[in-house]
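K.L.:
You'll find structure14.csv just under this line, and it carries CSV, C-alpha atoms.
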```csv
chain,number,residue,atom,x,y,z
H,1,MET,CA,0.0,0.0,0.0
H,2,LEU,CA,1.1,3.5,-0.7
H,3,ASP,CA,2.2,5.4,2.4
H,4,TYR,CA,2.5,9.2,2.1
H,5,ARG,CA,3.2,9.8,5.7
H,6,LEU,CA,6.2,12.0,6.1
H,7,SER,CA,9.4,10.7,7.8
H,8,ASP,CA,10.2,12.1,11.2
H,9,GLU,CA,13.0,14.3,9.7
H,10,THR,CA,10.7,15.7,7.0
H,11,GLU,CA,7.9,16.3,9.5
H,12,ALA,CA,10.4,18.2,11.7
H,13,LEU,CA,11.5,20.2,8.7
H,14,ARG,CA,7.9,21.1,7.8
H,15,THR,CA,7.2,22.2,11.4
H,16,THR,CA,10.3,24.4,11.5
H,17,VAL,CA,9.5,26.1,8.2
H,18,ARG,CA,5.8,26.5,9.1
H,19,GLU,CA,6.8,28.3,12.3
H,20,PHE,CA,9.4,30.5,10.4
H,21,ALA,CA,6.8,31.4,7.8
H,22,ARG,CA,4.2,32.3,10.4
H,23,GLU,CA,6.4,34.1,12.9
H,24,VAL,CA,9.0,35.8,10.6
H,25,ILE,CA,7.5,36.2,7.1
H,26,ALA,CA,3.8,36.7,7.7
H,27,PRO,CA,4.1,39.8,10.0
H,28,GLN,CA,6.2,41.8,7.6
H,29,ILE,CA,5.9,40.5,4.0
H,30,GLY,CA,2.8,42.6,3.2
H,31,GLU,CA,4.9,45.8,3.6
H,32,PHE,CA,7.5,44.6,1.2
H,33,TYR,CA,4.9,43.5,-1.2
H,34,GLU,CA,3.2,46.9,-1.3
H,35,ARG,CA,6.6,48.6,-1.6
H,36,ASP,CA,7.6,46.3,-4.4
H,37,GLU,CA,10.8,45.5,-2.5
H,38,PHE,CA,12.9,42.4,-2.2
H,39,PRO,CA,13.4,41.5,1.5
H,40,VAL,CA,17.1,40.6,1.6
H,41,HIS,CA,17.1,40.0,5.3
H,42,ILE,CA,14.3,37.4,5.1
H,43,VAL,CA,16.1,35.7,2.3
H,44,ARG,CA,19.3,35.6,4.3
H,45,GLN,CA,17.4,34.0,7.2
H,46,MET,CA,16.1,31.4,4.9
H,47,GLY,CA,19.6,30.7,3.9
H,48,GLU,CA,20.7,30.3,7.5
H,49,LEU,CA,17.9,27.7,7.9
H,50,GLY,CA,19.5,25.8,5.1
H,51,LEU,CA,16.6,26.0,2.7
H,52,PHE,CA,18.6,26.8,-0.4
H,53,GLY,CA,20.8,23.7,0.0
H,54,LEU,CA,18.1,21.1,1.1
H,55,PRO,CA,18.3,18.6,-1.8
H,56,LEU,CA,22.1,19.1,-2.5
H,57,PRO,CA,24.8,16.8,-1.2
H,58,GLU,CA,26.6,17.7,2.0
H,59,GLU,CA,30.0,17.6,0.2
H,60,TYR,CA,29.0,20.8,-1.5
H,61,GLY,CA,27.5,22.4,1.6
H,62,GLY,CA,24.0,21.2,1.1
H,63,GLY,CA,21.6,19.5,3.5
H,64,GLY,CA,21.8,16.0,1.9
H,65,GLY,CA,18.0,15.8,1.7
H,66,THR,CA,15.7,15.0,-1.2
H,67,TYR,CA,13.9,17.1,-3.8
H,68,PHE,CA,10.7,16.1,-2.0
H,69,ASP,CA,12.0,17.8,1.1
H,70,LEU,CA,12.4,21.0,-1.0
H,71,CYS,CA,8.8,20.6,-2.1
H,72,VAL,CA,7.5,20.3,1.4
H,73,VAL,CA,9.3,23.5,2.3
H,74,LEU,CA,7.9,25.3,-0.7
H,75,GLU,CA,4.4,24.3,0.3
H,76,GLU,CA,4.8,25.7,3.8
H,77,LEU,CA,6.4,28.9,2.6
H,78,ALA,CA,3.7,29.5,-0.1
H,79,ARG,CA,1.0,28.8,2.5
H,80,VAL,CA,2.0,32.2,3.9
H,81,ASP,CA,3.7,34.0,0.9
H,82,SER,CA,4.5,33.0,-2.6
H,83,SER,CA,7.2,35.6,-3.2
H,84,MET,CA,9.5,34.0,-0.7
H,85,ALA,CA,8.5,30.5,-1.9
H,86,ILE,CA,9.4,31.3,-5.5
H,87,THR,CA,12.7,32.9,-4.4
H,88,VAL,CA,13.7,29.6,-2.8
H,89,GLU,CA,12.3,27.5,-5.7
H,90,ALA,CA,14.2,29.5,-8.3
H,91,GLY,CA,17.3,29.7,-6.2
H,92,VAL,CA,17.5,25.9,-5.9
H,93,SER,CA,15.9,24.3,-8.9
H,94,LEU,CA,16.8,26.9,-11.4
H,95,GLY,CA,19.9,28.5,-9.9
H,96,ALA,CA,21.8,25.6,-8.3
H,97,MET,CA,20.5,22.5,-10.0
H,98,PRO,CA,21.9,23.2,-13.5
H,99,ILE,CA,25.4,23.4,-12.0
H,100,TYR,CA,24.8,20.4,-9.8
H,101,ARG,CA,23.3,18.3,-12.6
H,102,PHE,CA,25.5,19.3,-15.5
H,103,GLY,CA,28.4,21.4,-14.2
H,104,THR,CA,32.1,20.4,-14.0
H,105,GLU,CA,33.6,19.6,-10.6
H,106,GLU,CA,35.4,22.9,-10.6
H,107,GLN,CA,32.1,24.8,-11.2
H,108,LYS,CA,30.4,22.8,-8.4
H,109,GLN,CA,33.2,23.6,-6.0
H,110,GLN,CA,33.2,27.2,-6.9
H,111,TRP,CA,29.5,27.9,-6.7
H,112,LEU,CA,27.5,25.3,-4.9
H,113,PRO,CA,28.7,26.0,-1.3
H,114,ARG,CA,27.6,29.6,-1.5
H,115,LEU,CA,24.4,28.8,-3.4
H,116,CYS,CA,23.5,26.2,-0.7
H,117,THR,CA,23.9,28.8,2.1
H,118,GLY,CA,21.9,31.5,0.3
H,119,GLU,CA,25.0,33.7,0.5
H,120,VAL,CA,24.7,33.8,-3.3
H,121,LEU,CA,21.6,33.4,-5.5
H,122,GLY,CA,21.6,31.9,-8.9
H,123,ALA,CA,19.3,32.6,-11.8
H,124,PHE,CA,18.2,30.6,-14.9
H,125,GLY,CA,18.2,32.5,-18.2
H,126,LEU,CA,16.0,30.7,-20.7
H,127,THR,CA,13.0,32.8,-21.6
H,128,GLU,CA,13.2,35.5,-24.2
H,129,ALA,CA,10.7,38.3,-25.0
H,130,GLY,CA,9.8,36.8,-28.4
H,131,GLY,CA,9.9,33.2,-27.3
H,132,GLY,CA,7.7,32.5,-24.4
H,133,SER,CA,6.6,28.8,-24.5
H,134,ASP,CA,8.7,28.4,-27.7
H,135,ALA,CA,11.9,28.2,-25.7
H,136,GLY,CA,13.7,26.6,-28.6
H,137,SER,CA,13.4,29.8,-30.6
H,138,THR,CA,16.4,31.2,-28.7
H,139,ARG,CA,18.0,34.2,-30.4
H,140,THR,CA,20.7,35.0,-27.9
H,141,THR,CA,24.1,33.9,-29.4
H,142,ALA,CA,27.5,33.0,-28.0
H,143,ARG,CA,30.6,32.6,-30.2
H,144,LEU,CA,34.0,31.3,-29.2
H,145,GLU,CA,36.7,33.9,-29.6
H,146,ASP,CA,40.3,33.6,-28.2
H,147,GLY,CA,39.2,31.2,-25.5
H,148,SER,CA,36.1,33.1,-24.4
H,149,TRP,CA,32.4,33.0,-25.1
H,150,VAL,CA,31.1,36.3,-26.5
H,151,ILE,CA,27.4,36.5,-25.7
H,152,ASN,CA,24.9,38.9,-27.3
H,153,GLY,CA,21.1,39.0,-26.8
H,154,SER,CA,18.6,39.3,-24.1
H,155,LYS,CA,16.4,37.3,-21.6
H,156,ALA,CA,13.1,38.2,-20.1
H,157,PHE,CA,11.2,37.4,-16.9
H,158,ILE,CA,14.3,36.1,-15.0
H,159,THR,CA,13.8,35.5,-11.3
H,160,ASN,CA,16.5,36.3,-8.7
H,161,SER,CA,18.6,37.9,-11.4
H,162,GLY,CA,19.2,41.4,-10.0
H,163,THR,CA,19.3,41.2,-6.2
H,164,GLU,CA,22.3,42.2,-4.1
H,165,LEU,CA,22.7,38.5,-3.4
H,166,THR,CA,22.7,37.4,-7.1
H,167,GLY,CA,26.0,35.9,-8.1
H,168,LEU,CA,25.4,34.3,-11.4
H,169,VAL,CA,22.9,33.5,-14.2
H,170,THR,CA,23.1,30.4,-16.4
H,171,VAL,CA,21.9,31.3,-19.9
H,172,THR,CA,21.0,29.4,-23.0
H,173,ALA,CA,22.5,30.7,-26.2
H,174,VAL,CA,22.9,29.6,-29.8
H,175,THR,CA,26.5,28.4,-30.2
H,176,GLY,CA,26.3,27.0,-33.7
H,177,THR,CA,24.3,24.9,-36.2
H,178,ARG,CA,23.5,21.2,-35.8
H,179,PRO,CA,24.1,18.8,-38.6
H,180,ASP,CA,20.4,18.8,-39.4
H,181,GLY,CA,20.4,22.6,-39.8
H,182,GLY,CA,18.8,23.4,-36.5
H,183,LYS,CA,20.1,25.6,-33.7
H,184,GLU,CA,22.9,24.3,-31.5
H,185,ILE,CA,21.9,25.6,-28.1
H,186,SER,CA,24.3,25.5,-25.2
H,187,ALA,CA,24.3,26.7,-21.5
H,188,ILE,CA,26.8,29.2,-20.3
H,189,LEU,CA,27.5,30.5,-16.8
H,190,VAL,CA,27.7,34.3,-16.5
H,191,PRO,CA,28.8,35.8,-13.1
H,192,SER,CA,27.1,39.0,-12.0
H,193,GLY,CA,29.1,42.1,-12.8
H,194,THR,CA,30.7,40.7,-15.9
H,195,PRO,CA,31.3,43.5,-18.4
H,196,GLY,CA,28.6,43.6,-21.1
H,197,PHE,CA,26.1,41.9,-18.8
H,198,THR,CA,23.3,44.4,-17.9
H,199,VAL,CA,20.5,43.8,-15.5
H,200,GLY,CA,17.3,45.8,-16.2
H,201,GLN,CA,15.0,47.4,-13.7
H,202,ARG,CA,12.6,45.2,-11.7
H,203,TYR,CA,9.4,44.5,-13.6
H,204,SER,CA,6.2,46.1,-12.3
H,205,LYS,CA,4.2,42.9,-11.8
H,206,VAL,CA,0.6,41.9,-10.9
H,207,GLY,CA,1.8,39.5,-8.2
H,208,TRP,CA,5.0,38.1,-6.6
H,209,ASN,CA,5.8,41.7,-5.8
H,210,ALA,CA,8.4,40.8,-3.1
H,211,SER,CA,10.4,38.6,-5.5
H,212,ASP,CA,12.9,39.8,-8.0
H,213,THR,CA,12.2,39.5,-11.7
H,214,ARG,CA,14.1,41.4,-14.5
H,215,GLU,CA,15.2,41.6,-18.1
H,216,LEU,CA,18.8,40.8,-18.9
H,217,SER,CA,20.9,42.0,-21.8
H,218,PHE,CA,24.3,40.9,-23.1
H,219,ASP,CA,26.4,43.1,-25.3
H,220,ASP,CA,29.7,41.4,-26.3
H,221,CYS,CA,29.7,39.9,-22.8
H,222,ARG,CA,32.8,37.8,-22.5
H,223,VAL,CA,33.2,34.8,-20.1
H,224,PRO,CA,35.9,32.0,-20.2
H,225,GLU,CA,35.3,29.0,-22.4
H,226,GLU,CA,35.3,26.8,-19.3
H,227,ASN,CA,32.0,28.5,-18.2
H,228,LEU,CA,30.2,26.1,-20.6
H,229,VAL,CA,27.7,24.2,-18.4
H,230,GLY,CA,27.4,20.6,-19.5
H,231,GLU,CA,27.9,19.5,-23.1
H,232,ARG,CA,28.0,22.0,-26.0
H,233,GLY,CA,24.8,21.7,-27.9
H,234,ARG,CA,22.9,20.1,-25.0
H,235,GLY,CA,21.9,23.3,-23.2
H,236,TYR,CA,18.2,23.2,-24.4
H,237,ALA,CA,17.8,19.5,-23.5
H,238,GLN,CA,19.5,20.1,-20.1
H,239,PHE,CA,17.2,23.0,-19.2
H,240,LEU,CA,14.1,21.0,-20.3
H,241,SER,CA,15.1,18.3,-17.8
H,242,ILE,CA,15.5,21.0,-15.1
H,243,LEU,CA,12.0,22.2,-15.9
H,244,ASP,CA,10.6,18.7,-15.5
H,245,GLU,CA,11.8,18.7,-11.9
H,246,GLY,CA,10.8,22.3,-11.4
H,247,ARG,CA,7.2,21.5,-12.3
H,248,ILE,CA,6.9,19.4,-9.2
H,249,ALA,CA,8.3,22.2,-7.1
H,250,ILE,CA,5.8,24.7,-8.7
H,251,SER,CA,3.0,22.2,-8.0
H,252,ALA,CA,4.1,22.1,-4.3
H,253,LEU,CA,4.1,25.9,-4.2
H,254,SER,CA,0.6,26.0,-5.8
H,255,VAL,CA,-0.6,23.6,-3.2
H,256,GLY,CA,0.8,25.8,-0.5
H,257,LEU,CA,-1.1,28.8,-1.9
H,258,ALA,CA,-4.3,26.8,-2.2
H,259,GLN,CA,-4.0,25.6,1.4
H,260,GLY,CA,-3.2,29.1,2.6
H,261,CYS,CA,-6.5,30.2,1.1
H,262,VAL,CA,-8.3,27.5,3.2
H,263,ASP,CA,-6.4,28.6,6.3
H,264,GLU,CA,-7.4,32.2,5.9
H,265,SER,CA,-11.0,31.4,4.9
H,266,VAL,CA,-11.5,29.2,7.9
H,267,LYS,CA,-10.1,31.9,10.2
H,268,TYR,CA,-12.3,34.6,8.7
H,269,ALA,CA,-15.5,32.5,8.6
H,270,ARG,CA,-15.1,31.9,12.4
H,271,GLU,CA,-14.5,35.5,13.2
H,272,ARG,CA,-16.7,37.5,10.8
H,273,GLU,CA,-20.3,37.9,11.9
H,274,ALA,CA,-23.3,38.8,9.8
H,275,PHE,CA,-26.9,38.8,10.8
H,276,GLY,CA,-26.0,37.9,14.4
H,277,GLN,CA,-23.8,34.8,13.8
H,278,PRO,CA,-20.4,33.8,12.3
H,279,ILE,CA,-20.6,33.5,8.5
H,280,GLY,CA,-19.1,30.0,8.9
H,281,ARG,CA,-22.5,28.8,10.0
H,282,ASN,CA,-23.9,29.6,6.6
H,283,GLN,CA,-24.0,26.5,4.4
H,284,ALA,CA,-22.9,28.5,1.3
H,285,ILE,CA,-19.7,29.4,3.1
H,286,GLN,CA,-19.2,25.9,4.5
H,287,PHE,CA,-19.5,24.4,1.0
H,288,MET,CA,-17.0,26.8,-0.6
H,289,ILE,CA,-14.4,26.1,2.1
H,290,ALA,CA,-15.0,22.4,1.9
H,291,ASP,CA,-14.5,22.4,-1.8
H,292,MET,CA,-11.3,24.4,-1.4
H,293,GLU,CA,-10.0,21.8,1.0
H,294,VAL,CA,-10.9,19.0,-1.3
H,295,ARG,CA,-9.0,20.6,-4.2
H,296,ALA,CA,-5.9,21.4,-2.1
H,297,ALA,CA,-5.8,17.8,-0.6
H,298,THR,CA,-6.1,16.2,-4.1
H,299,ALA,CA,-3.4,18.5,-5.6
H,300,ARG,CA,-1.1,17.6,-2.8
H,301,LEU,CA,-1.4,13.9,-3.7
H,302,ALA,CA,-0.6,14.7,-7.3
H,303,TYR,CA,2.8,16.3,-6.5
H,304,TYR,CA,3.6,13.6,-3.9
H,305,ARG,CA,3.1,11.0,-6.6
H,306,ALA,CA,5.3,12.9,-9.1
H,307,ALA,CA,8.0,13.3,-6.5
H,308,GLU,CA,7.8,9.7,-5.6
H,309,LYS,CA,8.4,8.6,-9.2
H,310,MET,CA,11.2,11.0,-9.6
H,311,LEU,CA,13.0,9.8,-6.4
H,312,ARG,CA,12.6,6.2,-7.6
H,313,GLY,CA,14.4,7.0,-10.8
H,314,GLU,CA,11.3,6.2,-12.8
H,315,PRO,CA,9.9,8.3,-15.7
H,316,PHE,CA,7.9,11.1,-14.1
H,317,GLN,CA,7.4,13.7,-16.7
H,318,ARG,CA,3.7,12.9,-17.2
H,319,GLU,CA,3.0,13.0,-13.5
H,320,ALA,CA,5.0,16.3,-13.1
H,321,SER,CA,2.8,17.9,-15.8
H,322,ILE,CA,-0.4,16.5,-14.3
H,323,ALA,CA,0.6,17.9,-10.9
H,324,LYS,CA,1.7,21.2,-12.2
H,325,LEU,CA,-1.4,21.6,-14.3
H,326,TYR,CA,-3.9,20.6,-11.7
H,327,SER,CA,-2.4,22.3,-8.7
H,328,SER,CA,-1.9,25.6,-10.5
H,329,GLU,CA,-5.5,25.7,-11.5
H,330,VAL,CA,-6.5,24.7,-8.0
H,331,ALA,CA,-4.5,27.6,-6.6
H,332,MET,CA,-6.4,30.0,-8.9
H,333,ASP,CA,-9.8,28.5,-8.0
H,334,ASN,CA,-9.1,28.6,-4.3
H,335,ALA,CA,-7.8,32.2,-4.5
H,336,ARG,CA,-11.1,33.2,-6.2
H,337,TYR,CA,-13.2,31.3,-3.6
H,338,ALA,CA,-11.2,32.7,-0.7
H,339,THR,CA,-11.7,36.3,-2.0
H,340,GLN,CA,-15.4,35.6,-2.2
H,341,VAL,CA,-15.5,34.3,1.4
H,342,HIS,CA,-13.9,37.5,2.6
H,343,GLY,CA,-16.3,39.7,0.6
H,344,GLY,CA,-15.1,43.3,0.3
H,345,TYR,CA,-12.2,42.6,2.6
H,346,GLY,CA,-10.9,40.0,0.1
H,347,PHE,CA,-10.3,42.9,-2.3
H,348,MET,CA,-8.1,44.7,0.3
H,349,ASN,CA,-4.3,44.3,0.2
H,350,GLU,CA,-4.2,44.2,4.0
H,351,PHE,CA,-5.7,40.7,3.9
H,352,PRO,CA,-3.5,37.9,2.8
H,353,VAL,CA,-6.1,36.5,0.3
H,354,GLY,CA,-5.8,39.7,-1.7
H,355,ARG,CA,-2.1,38.9,-2.2
H,356,PHE,CA,-2.9,35.3,-2.8
H,357,TYR,CA,-5.3,36.2,-5.6
H,358,ARG,CA,-2.7,38.4,-7.3
H,359,ASP,CA,0.0,35.7,-6.9
H,360,ALA,CA,-2.1,32.7,-8.2
H,361,LYS,CA,-2.4,33.5,-11.9
H,362,ILE,CA,1.4,33.3,-12.7
H,363,LEU,CA,1.3,29.6,-11.5
H,364,GLU,CA,-0.8,28.8,-14.6
H,365,ILE,CA,1.9,30.4,-16.8
H,366,GLY,CA,5.4,29.9,-15.3
H,367,GLU,CA,7.4,26.7,-15.9
H,368,GLY,CA,5.2,25.8,-18.8
H,369,THR,CA,1.7,27.2,-19.3
H,370,SER,CA,-1.4,25.1,-18.7
H,371,GLU,CA,-1.7,24.6,-22.4
H,372,VAL,CA,1.8,23.3,-22.6
H,373,GLN,CA,1.1,20.8,-19.8
H,374,ARG,CA,-2.0,19.5,-21.6
H,375,MET,CA,0.1,19.2,-24.8
H,376,LEU,CA,2.8,17.2,-23.0
H,377,ILE,CA,0.3,14.9,-21.2
H,378,ALA,CA,-1.4,14.2,-24.5
H,379,ARG,CA,1.9,13.5,-26.3
H,380,ASP,CA,2.9,11.1,-23.5
H,381,LEU,CA,-0.4,9.3,-24.0
H,382,GLY,CA,0.4,8.9,-27.6
H,383,VAL,CA,-2.0,11.5,-28.9
H,384,GLY,CA,-0.7,13.8,-31.6
```
Here is the file; what I need is its structure written in the form of C-alpha cells.
P.N.:
Amino acid sequence: MLDYRLSDETEALRTTVREFAREVIAPQIGEFYERDEFPVHIVRQMGELGLFGLPLPEEYGGGGGTYFDLCVVLEELARVDSSMAITVEAGVSLGAMPIYRFGTEEQKQQWLPRLCTGEVLGAFGLTEAGGGSDAGSTRTTARLEDGSWVINGSKAFITNSGTELTGLVTVTAVTGTRPDGGKEISAILVPSGTPGFTVGQRYSKVGWNASDTRELSFDDCRVPEENLVGERGRGYAQFLSILDEGRIAISALSVGLAQGCVDESVKYAREREAFGQPIGRNQAIQFMIADMEVRAATARLAYYRAAEKMLRGEPFQREASIAKLYSSEVAMDNARYATQVHGGYGFMNEFPVGRFYRDAKILEIGEGTSEVQRMLIARDLGVG
C-alpha cells in the first residue's frame, strides 16, 4: 500500500519552516509586497535555515535531503507567501540545479557551497521576449573567440537575477548549427558584474511583488570558455530536464497557496459575523471552504506522486505535468473562492487573500503554461 506519511525528519523540517513562515515572514511580508521591495534580510534568514541547500549533497555544503524535502518546504512557505517561496524555488531548482546536474567539478566547488547557504543566489536565463513557450526559438548567441564565449542577446522574466545577493545566471545561447540545420543551443554560466552583462529594472508585476524579476541583456559579454555548463549543444535539453523537476516544485508551491486560502477562509469564517452569527454557520460558506480543502488535498497527492516517481528514478514527466497543471488551476480557483468568502475585505491588500489572488495567476503560466502541460500529457499518452 502507498504510504504518504512524512518521515520524522521531513515532518520536523515542515514544522520548522511553518513556524518560520508564520512568525517571521507573515508579520512583515505585506509591507515589502506593497513597496515592491525584495526582503534581503528574510532571504538571508532562509539561507541560514539551510533552505537553499536542502536537496544538494553535504559535500557541496547542502543538506543532503531530497527534492521532496524541498517541495514540502515550498508548500509551507507559499501557505503564507509565494514571493519567498518562488525565491527559494528558483534559487534551488533553477539556480543551483543546472550546476549540480551538469556542471564540472570545478564549477560545483566554486559555486554550490555559496548557493547552498543563500550567500549567493543563482538565476536561470531561458525565456526571451519573443519566445515564451517556444523556448527553442532562442536568439541569444554565443561565439568562441580567443578562449572566451562572446554573448549577445537578451532574456526576459528572469527570477533572482538582480538582487544584491545574485552571483550568477546560467543562460541558453545559440552556439552554432546542428548537422540537421537546427540551432545548436548551449548553456553558459555568466557571473554577475561581468562587463557587457546588464540587468534591467525590476518589472512592475501583478503578483509576486516581493520577489525579483528582471530583463537581462548581453552586449559582447565575455566569459571564459570553461564556463560552458554541460555539453556543448545540449543546453536546451538540459534545461528541459530541469524544468521537468521544477514543475513538481511549482506544484508544491501551488498547493501551499491553495492551502493558505483554506487557512485564511476558515479563520475569517469563524471571526466574521453577519446577521448575528459567524458567517461560517452559513452552508454556502461551508461548502465553498469544503470544496477548497478537497482541491488542495487532491493536488497535494498529485505532487507527492510525481516526486515519488522522480526519487525512484522512474519516468515522471507525465506525473509532473499533471501535478503542475492541476495544482496551479486549483490555486487559482481557491484564491477566487477565498476572496469571495472574505467579501469586500478580500479585495483589500491588508488581507493575505488579496495577495494570494494576485499571486495565483502566474502559476498557470510559469514553468510551462497550462496549455503546454496539456500538450505534454497528450503526447505522453500517444495522442498527436
K.L.:
Compile the contact shell of range 250-253 of chain H as a ChimeraX atom specification: residues with an atom at most 6 Å away, counting all atoms listed in the file, same-chain residues fewer than 4 positions apart removed.
P.N.:
/H:71,74-75,78,323-324,327
K.L.:
Please list as a PyMOL selection string every residue within 12 Å of Ser204 in chain H, counting all atoms listed in the file and excluding residues in the same chain fewer than 5 positions away.
P.N.:
chain H and resi 33-37+157+209-215
K.L.:
Taking C-alpha atoms for each residue, export the selection above as a JSON list (two decimals), in the coordinates of the input.
P.N.:
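out30.json, freshly written:
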```json
[["chain", "number", "residue", "atom", "x", "y", "z"],
["H", 33, "TYR", "CA", 4.90, 43.50, -1.20],
["H", 34, "GLU", "CA", 3.20, 46.90, -1.30],
["H", 35, "ARG", "CA", 6.60, 48.60, -1.60],
["H", 36, "ASP", "CA", 7.60, 46.30, -4.40],
["H", 37, "GLU", "CA", 10.80, 45.50, -2.50],
["H", 157, "PHE", "CA", 11.20, 37.40, -16.90],
["H", 209, "ASN", "CA", 5.80, 41.70, -5.80],
["H", 210, "ALA", "CA", 8.40, 40.80, -3.10],
["H", 211, "SER", "CA", 10.40, 38.60, -5.50],
["H", 212, "ASP", "CA", 12.90, 39.80, -8.00],
["H", 213, "THR", "CA", 12.20, 39.50, -11.70],
["H", 214, "ARG", "CA", 14.10, 41.40, -14.50],
["H", 215, "GLU", "CA", 15.20, 41.60, -18.10]]
```
K.L.:
Need to verify the contact set: Gly62 in chain H, 10 Å, only C-alpha atoms, exclusion of same-chain residues closer than 4 positions in sequence. Can you return it as a tab-separated table (two decimals) with C-alpha atoms, in the coordinates of the input?
P.N.:
```
chain	number	residue	atom	x	y	z
H	50	GLY	CA	19.50	25.80	5.10
H	51	LEU	CA	16.60	26.00	2.70
H	52	PHE	CA	18.60	26.80	-0.40
H	53	GLY	CA	20.80	23.70	0.00
H	54	LEU	CA	18.10	21.10	1.10
H	55	PRO	CA	18.30	18.60	-1.80
H	56	LEU	CA	22.10	19.10	-2.50
H	57	PRO	CA	24.80	16.80	-1.20
H	58	GLU	CA	26.60	17.70	2.00
H	112	LEU	CA	27.50	25.30	-4.90
H	113	PRO	CA	28.70	26.00	-1.30
H	114	ARG	CA	27.60	29.60	-1.50
H	115	LEU	CA	24.40	28.80	-3.40
H	116	CYS	CA	23.50	26.20	-0.70
H	117	THR	CA	23.90	28.80	2.10
```
K.L.:
I'd like to know which of H:Gly280, H:Gly344, H:Gly118, H:Pro98 is closest to His41 in chain H, using only C-alpha atoms.
P.N.:
H:Gly118
K.L.:
Within 8 Å of range 159-175 of chain H, counting all atoms listed in the file, which residues qualify if same-chain residues fewer than 6 places away don't, as number ranges by chain?
P.N.:
H: 38, 40, 87, 90-91, 95, 98, 118-126, 138-143, 151, 183-192, 199-200, 202, 211-214, 229, 232-233, 235-236
K.L.:
Please compute the CA of Val294 in chain H-CA of Glu329 in chain H distance, one decimal, in Å.
P.N.:
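Computed distance, CA of Val294 in chain H to CA of Glu329 in chain H, equals 13.3 Å.
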K.L.:
Report as a count of residues only all protein, DNA and RNA residues lying within 10 Å of range 2-6 of chain H, evaluated on all atoms listed in the file, omitting residues in the same chain fewer than 5 positions from it.
P.N.:
9
K.L.:
Counting all atoms listed in the file, which residue out of H:Met310, H:Leu243, H:Ile25, H:Ala258 sits closest to Thr369 in chain H?
P.N.:
H:Leu243
K.L.:
Using all atoms listed in the file, which residue out of H:Ala249, H:Met332, H:Met348, H:Ala320 lies closest to Asp380 in chain H?
P.N.:
H:Ala320
K.L.:
Just give me the gap between CA of Met46 in chain H and CA of Leu257 in chain H in Å, one decimal is fine.
P.N.:
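Taking CA of Met46 in chain H and CA of Leu257 in chain H, their separation equals 18.7 Å.
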K.L.:
Between H:Val80, H:Ala129, H:Leu381, H:Leu311, which residue has the minimum interatomic distance to Gly153 in chain H, considering all atoms listed in the file?
P.N.:
H:Ala129
K.L.:
Could you check which of H:Gln283, H:Ser265, H:Thr104, H:Thr15 is closest to Gln340 in chain H, using all atoms listed in the file?
P.N.:
H:Ser265
K.L.:
Considering only C-alpha atoms, can you say which of H:Ile158, H:Ile362, H:Ala85, H:Ala307 comes closest to Arg247 in chain H?
P.N.:
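Nearest candidate to Arg247 in chain H out of H:Ile158, H:Ile362, H:Ala85, H:Ala307: H:Ala307.
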K.L.:
How far is it from CA of Ser241 in chain H to CA of Gly207 in chain H, in Å with one decimal?
P.N.:
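We find that CA of Ser241 in chain H and CA of Gly207 in chain H lie 26.8 Å from each other.
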K.L.:
Kindly extract all protein, DNA and RNA residues lying within 9 Å of the coordinates (-8.3, 30.4, -6.8) given in the file, considering all atoms listed in the file, and supply them as a list in words.
P.N.:
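Residues found, by chain and rising number: Leu257, Ala258, Cys261, Met292, Ser328, Glu329, Val330, Ala331, Met332, Asp333, Asn334, Ala335, Arg336, Tyr337, Ala338, Thr339, Phe356, Tyr357, Ala360 and Lys361 of chain H.
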K.L.:
From the block you just saw, export range 234-245 of chain H: N, CA and C atoms, as a PDB file, in the first residue's frame.
P.N.:
```
ATOM      1  N   ARG H 234      23.918  20.803 -25.844  1.00  0.00           N
ATOM      2  CA  ARG H 234      22.926  20.096 -25.024  1.00  0.00           C
ATOM      3  C   ARG H 234      22.203  21.034 -24.056  1.00  0.00           C
ATOM      4  N   GLY H 235      22.433  22.334 -24.192  1.00  0.00           N
ATOM      5  CA  GLY H 235      21.864  23.277 -23.236  1.00  0.00           C
ATOM      6  C   GLY H 235      20.355  23.261 -23.171  1.00  0.00           C
ATOM      7  N   TYR H 236      19.711  23.203 -24.329  1.00  0.00           N
ATOM      8  CA  TYR H 236      18.245  23.209 -24.360  1.00  0.00           C
ATOM      9  C   TYR H 236      17.697  21.946 -23.699  1.00  0.00           C
ATOM     10  N   ALA H 237      18.257  20.793 -24.045  1.00  0.00           N
ATOM     11  CA  ALA H 237      17.800  19.527 -23.451  1.00  0.00           C
ATOM     12  C   ALA H 237      18.033  19.515 -21.944  1.00  0.00           C
ATOM     13  N   GLN H 238      19.184  20.063 -21.515  1.00  0.00           N
ATOM     14  CA  GLN H 238      19.478  20.123 -20.088  1.00  0.00           C
ATOM     15  C   GLN H 238      18.431  20.959 -19.354  1.00  0.00           C
ATOM     16  N   PHE H 239      18.112  22.122 -19.908  1.00  0.00           N
ATOM     17  CA  PHE H 239      17.152  22.986 -19.245  1.00  0.00           C
ATOM     18  C   PHE H 239      15.757  22.377 -19.242  1.00  0.00           C
ATOM     19  N   LEU H 240      15.399  21.632 -20.289  1.00  0.00           N
ATOM     20  CA  LEU H 240      14.090  20.971 -20.286  1.00  0.00           C
ATOM     21  C   LEU H 240      13.995  19.956 -19.153  1.00  0.00           C
ATOM     22  N   SER H 241      15.090  19.236 -18.891  1.00  0.00           N
ATOM     23  CA  SER H 241      15.071  18.271 -17.790  1.00  0.00           C
ATOM     24  C   SER H 241      14.975  18.983 -16.447  1.00  0.00           C
ATOM     25  N   ILE H 242      15.606  20.157 -16.343  1.00  0.00           N
ATOM     26  CA  ILE H 242      15.496  20.956 -15.123  1.00  0.00           C
ATOM     27  C   ILE H 242      14.048  21.413 -14.931  1.00  0.00           C
ATOM     28  N   LEU H 243      13.396  21.775 -16.031  1.00  0.00           N
ATOM     29  CA  LEU H 243      12.002  22.214 -15.944  1.00  0.00           C
ATOM     30  C   LEU H 243      11.080  21.081 -15.517  1.00  0.00           C
ATOM     31  N   ASP H 244      11.380  19.837 -15.934  1.00  0.00           N
ATOM     32  CA  ASP H 244      10.568  18.699 -15.501  1.00  0.00           C
ATOM     33  C   ASP H 244      10.558  18.608 -13.979  1.00  0.00           C
ATOM     34  N   GLU H 245      11.731  18.738 -13.369  1.00  0.00           N
ATOM     35  CA  GLU H 245      11.810  18.713 -11.911  1.00  0.00           C
ATOM     36  C   GLU H 245      11.112  19.936 -11.321  1.00  0.00           C
TER      37      GLU H 245
END
```
